[in-house]
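Colleague: I'd like to ask you about the structure that follows.
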Amino acid sequence: MLNQPQQQAVKLTDKPLLVLAGAGCGKTRVITEKMAYLVHQGICRPESIYAITFTNKAAKEMQARAIKLVNGGEVLNVSTFHALGLRILQQEIKHTAYERGFSILDTSECQKVLQELLPKGLKKEISNQLQWQLSGWKNAALRPEEVNSTVPMAVEIYQSYLDYMVSINAMDFDDLILQALWLLNKQPEVLNRWQSQIGYLMVDEYQDTNASQYLLLKKLMGTGSHLTCVGDDDQSIYGWRGAQAENLQLLQHDFPDLEVIKLEQNYRSTSTILDAANAVIQNNPHPFEKKIWSDLGQGDAIQILSYPNAETEAEQVVADISFNQKVNKKNFNDFAVLYRSNHQAKLLEQALRLNNLPYQMSGGRSFFDYSEIKDLMAYIRLLVNPKDNAAFLRVINTPKRGIGMQTVQQVSALSKRLNKSFFVACSDNQGLSHLSEHAQSRIKPFVHMIQQHQTMKESAEVVVTSLVKQLDYVNYVNHSANNKVAKINKVKLVQDFLKWINALGKSQHLAIDELLNYLSLQTSQDDQTKEDAIKMMTLHAAKGLEFEHVYLVGVEEGILPHANSLADVDQEASAVEEERRLMYVGMTRAMQQLKISYVKKRKKRFPEEKVVSAGGPSRFLDEIPHELSNGHPSVKRSAEDQKVNNKKNFAAIKALLGD
DNA sequence: TGGGGTGATATTTTT
DNA sequence: TATCACCCCA
């Protein structure tokens, strides 16, 4: 049964609508119910309803829920922002500077491309910074000529990066949004087509949109009123990625007849947890007043615990979970341990393993970060897009086939002379004759092998399996790893990849380019088997999820809020506000029980295990009203202590940056 | 020319 | 705890 404001939100279909939904207030439910309402009332056909999420997982879940509610729900368009951009670009490819089969490069591949474009003498270190800068401009939907930078060189590189990416027929993640936007801006008839195709648009986690996503959204809407955005400014935690919660206000400005509906009744947590979370988030400025509540009873007090060191923290948390699980006959699924950054998971993992408890980590290192998977992806990219120089360079000597720098340089020169991509230049027999004997003899078999697979008409999994076999890739992996454990893991990794592709191929017939697109937009293996296991993840990864028992670990100054958010004096206020929202997100994941811990001494990770004093309990702990927690340590820091700590952190950061 | 070995070096959050 | 740059050997 929907409550009053939820029903309002579902039934309001003739005006643009912003739903401000607190954590756990049923926002996804509103979207799925609204899709059903639109279809069943005959307002929209399912295929003209578009719903946008930020993660694949959310999209999949929403799709599944919608199918249960909507007749013909299979044809609803539920996708991530990036997948929608991809779809537009692919469908309208002839109106762009790109060609069919363009590659999508992940962040690290793009960085390599960028490094190639850096003028000589510029060191690798700045490429990372530069990449952030370019991404920032792209997220703000700025063309090079619109950029106002104190560093003209950076703008030049931006332009050459855009040009180079077109020349190798490749896009980065930001391009999927940006190029789609630029296309719609430029081609009125394309815009028309899409505007009429989209009967109703819904956006989940709206507070996470960046400028270019917002512009795309607005473009697709036109003057239409068929828009529902659902979001929560208090859960905006992707500011570092260009997300601007101000888009909530922008919506009001750009759509004057916008209706705003608030969802404040929470169906997830006890009132103790919600009151505490409200108290914490109250310390941030609020453009929209909102206070979530529930009638699920008071429940347990929040526990705030301190431990001498991180090892003890991990042991105790694990012991507590183990005890609780046995005594109260809970599922492991009911427990989650949340932390600010990935490396904090290590000690917890050790403790869980020591105790033989099942656990599942999400986030962290993605499947696609492993070099073996990247190699195979690059091979597939080269099959689909022969212009993909980045892929060519990655695989040309992996596995080793006696092609080194010298040969690659010859190829590079040849490609310049012919004005063709590396691979295409190498497929040109006449051109090849200019290379050295040695180079020719090594390049030719490689080219043949790729060409042979390019022309295969079979479905994707057959092509990939054949490719891996012909590369003798498993054997290569087996010989390349030094350590035995790594060896076994990496072989398993490759086999898992093949298994995954084969399973995929069985459920739906995919051509190789379709497979590549699918894989390129996957980040981690979202399709993990749902076993009964303790969940471990970062606070970012936890958004949208809920657990009966939540453990928030390492809630210390310097970790949450993160040291980097304290370092930059100019941005301190807004950076700390985002950290506070992270805290808020973490707290509101808990349904029944919330346990927060911090440690007194924490080992620095590098250079050597050195004991340094931790930053002390987080300022956010002071913001939790005492009557809602027990076991609250009385070591409340004075304002002076905090200042000293901040200064120390700041000095440490400065020293690190060599400032 | 390529391959392999050895030190230094860096870790916030992710589509 | 890896990865990467660099250097030396076949």
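Identifiers in this document derive from the order of the structure tokens: chains are assigned A, B, ..., residues are numbered from 1 separately in each chain, and ligands are numbered from 1 in order of occurrence.
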Select from chain A every residue with an atom at most 10 Å from any atom of chain B, then for each give the shortest pair of atoms and their distance in Å to one decimal, using only C-alpha atoms (C1' of nucleotides), rows by chain and rising number, as CSV.
Modeller:
```
residue,atom,partner,partner_atom,distance
A:Phe54,CA,B:DT15,C1',7.0
A:Thr55,CA,B:DT15,C1',6.8
A:Asn56,CA,B:DT15,C1',8.8
A:Thr80,CA,B:DT15,C1',8.4
A:Phe81,CA,B:DT15,C1',8.4
A:His82,CA,B:DT15,C1',7.0
A:Ala83,CA,B:DT15,C1',9.5
A:Asp106,CA,B:DT15,C1',9.9
A:Phe173,CA,B:DT15,C1',6.9
A:Asp174,CA,B:DT15,C1',8.6
A:Ile237,CA,B:DT13,C1',8.3
A:Tyr238,CA,B:DT13,C1',7.7
A:Gly239,CA,B:DT13,C1',9.8
A:Trp240,CA,B:DT13,C1',8.0
A:Arg241,CA,B:DT14,C1',8.3
A:Arg340,CA,B:DT12,C1',7.5
A:Ser341,CA,B:DT12,C1',5.8
A:Asn342,CA,B:DT12,C1',8.2
A:His343,CA,B:DT11,C1',7.6
A:Gly363,CA,B:DT14,C1',8.8
A:Gly364,CA,B:DT14,C1',9.9
A:Lys400,CA,B:DG3,C1',9.2
A:Arg401,CA,B:DG2,C1',9.7
A:Gly402,CA,B:DG2,C1',6.5
A:Ile403,CA,B:DG2,C1',7.4
A:Gly404,CA,B:DG2,C1',6.0
A:Met405,CA,B:DT1,C1',8.3
A:Gln406,CA,B:DT1,C1',7.2
A:Thr407,CA,B:DT1,C1',8.8
A:His438,CA,B:DT1,C1',9.7
A:Leu521,CA,B:DT15,C1',7.6
A:Gln522,CA,B:DT15,C1',8.6
A:Thr523,CA,B:DT15,C1',7.5
A:Thr538,CA,B:DT13,C1',7.9
A:Leu539,CA,B:DT13,C1',8.1
A:His540,CA,B:DT13,C1',6.3
A:Ala541,CA,B:DT13,C1',8.8
A:Ile559,CA,B:DT12,C1',9.0
A:His562,CA,B:DT12,C1',7.4
A:Ala563,CA,B:DT12,C1',9.2
A:Asn564,CA,B:DT12,C1',8.1
A:Ser565,CA,B:DT12,C1',9.5
A:Glu579,CA,B:DT13,C1',10.0
A:Leu582,CA,B:DT13,C1',9.6
A:Arg605,CA,B:DT11,C1',8.7
A:Phe606,CA,B:DA10,C1',8.6
A:Pro607,CA,B:DT9,C1',9.1
```
Colleague: For the interface of chain C with chain A (cut-off 12 Å, counting only C-alpha atoms (C1' of nucleotides)), please tabulate each contacting residue of chain C alongside its nearest pair of atoms and their separation in Å to one decimal, rows sorted by chain and increasing number, as JSON lines.
Modeller:
```
{"residue": "C:DT1", "atom": "C1'", "partner": "A:Arg605", "partner_atom": "CA", "distance": 9.9}
{"residue": "C:DA2", "atom": "C1'", "partner": "A:Tyr370", "partner_atom": "CA", "distance": 11.4}
{"residue": "C:DT3", "atom": "C1'", "partner": "A:Ser371", "partner_atom": "CA", "distance": 10.7}
{"residue": "C:DC4", "atom": "C1'", "partner": "A:Lys124", "partner_atom": "CA", "distance": 10.9}
{"residue": "C:DA5", "atom": "C1'", "partner": "A:Lys124", "partner_atom": "CA", "distance": 10.7}
```
Colleague: Can you work out the spacing between atom CA of A:Glu313 and atom CA of A:Ser269 in Å, to one decimal?
Modeller: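 It comes out at 24.8 Å.
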Colleague: Assign secondary structure with DSSP using the backbone only, and return the residues of stretch 214-261 of chain A in alpha helix (DSSP H) as JSON, numbers by chain.
Modeller: {"A": [214, 215, 216, 217, 218, 219, 220, 221, 247, 248, 249, 250, 251, 252, 253, 254]}
Colleague: With C-alpha atoms retained, write the just-selected residues as a compact mmCIF listing (two decimals), in the first residue's frame.
Modeller:
```txt
# COMPACT_ATOMS: atom_id res chain seq x y z
CA TYR A 214 21.37 17.40 -16.67
CA LEU A 215 21.66 19.10 -20.03
CA LEU A 216 21.06 15.81 -21.82
CA LEU A 217 18.01 15.25 -19.70
CA LYS A 218 16.66 18.70 -20.38
CA LYS A 219 17.31 18.30 -24.08
CA LEU A 220 15.43 15.03 -24.24
CA MET A 221 12.53 16.55 -22.36
CA ASN A 247 20.57 20.41 -10.10
CA LEU A 248 17.67 19.96 -7.72
CA GLN A 249 17.19 23.72 -7.60
CA LEU A 250 17.98 24.08 -11.28
CA LEU A 251 15.03 21.88 -12.05
CA GLN A 252 12.78 24.29 -10.25
CA HIS A 253 14.22 27.13 -12.25
CA ASP A 254 14.07 25.45 -15.65
```
Colleague: Just the residues within 10 Å of stretch 370-382 of chain A, please, counting only C-alpha atoms (C1' of nucleotides), with nothing from its chain fewer than 6 positions along; format it as a ChimeraX atom specification.
Modeller: /A:101-106,108-109,170,388-396,398-399,423,450-451,453-454,460,463-464,467-468,473-474,477,490-491,493-494,497,512-513,515-517,519-520
Colleague: May I have the residues from that selection written out with C-alpha atoms, as a compact mmCIF listing (two decimals), in the first residue's frame?
Modeller:
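What follows is the written file part.txt:
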```
# COMPACT_ATOMS: atom_id res chain seq x y z
CA GLY A 101 31.80 -0.32 -33.49
CA PHE A 102 33.55 2.48 -31.63
CA SER A 103 35.45 1.40 -28.55
CA ILE A 104 34.72 2.45 -25.01
CA LEU A 105 37.95 2.93 -23.09
CA ASP A 106 38.08 2.61 -19.35
CA SER A 108 43.21 3.60 -17.17
CA GLU A 109 43.23 3.08 -20.93
CA ALA A 170 37.06 5.48 -29.23
CA ASP A 388 41.61 1.18 -31.81
CA ASN A 389 45.29 2.01 -31.42
CA ALA A 390 45.11 1.76 -27.66
CA ALA A 391 43.94 -1.83 -27.94
CA PHE A 392 46.58 -2.56 -30.57
CA LEU A 393 49.38 -1.29 -28.36
CA ARG A 394 48.14 -3.26 -25.43
CA VAL A 395 48.00 -6.62 -27.15
CA ILE A 396 50.65 -6.38 -29.84
CA THR A 398 50.95 -9.82 -25.11
CA PRO A 399 51.51 -12.72 -24.98
CA PHE A 423 46.25 -2.19 -37.23
CA ILE A 450 43.16 -11.04 -35.77
CA GLN A 451 41.71 -10.87 -39.27
CA HIS A 453 38.64 -13.77 -36.02
CA GLN A 454 37.28 -10.53 -37.38
CA ALA A 460 30.49 -13.83 -29.59
CA VAL A 463 34.82 -16.12 -31.33
CA VAL A 464 36.26 -15.28 -27.94
CA LEU A 467 40.72 -16.42 -29.80
CA VAL A 468 41.80 -17.31 -26.28
CA TYR A 473 46.43 -17.32 -23.30
CA VAL A 474 45.82 -19.59 -20.33
CA VAL A 477 49.12 -16.60 -17.77
CA LYS A 490 44.83 -15.59 -12.54
CA VAL A 491 44.15 -18.76 -14.47
CA LEU A 493 40.20 -15.35 -13.52
CA VAL A 494 40.52 -16.04 -17.22
CA PHE A 497 35.73 -14.65 -17.80
CA ILE A 512 30.87 -9.79 -30.78
CA ASP A 513 30.25 -6.03 -30.86
CA LEU A 515 29.14 -8.42 -26.21
CA LEU A 516 31.83 -5.77 -26.13
CA ASN A 517 29.34 -3.01 -25.43
CA LEU A 519 31.13 -5.73 -21.07
CA SER A 520 32.42 -2.18 -21.46
```
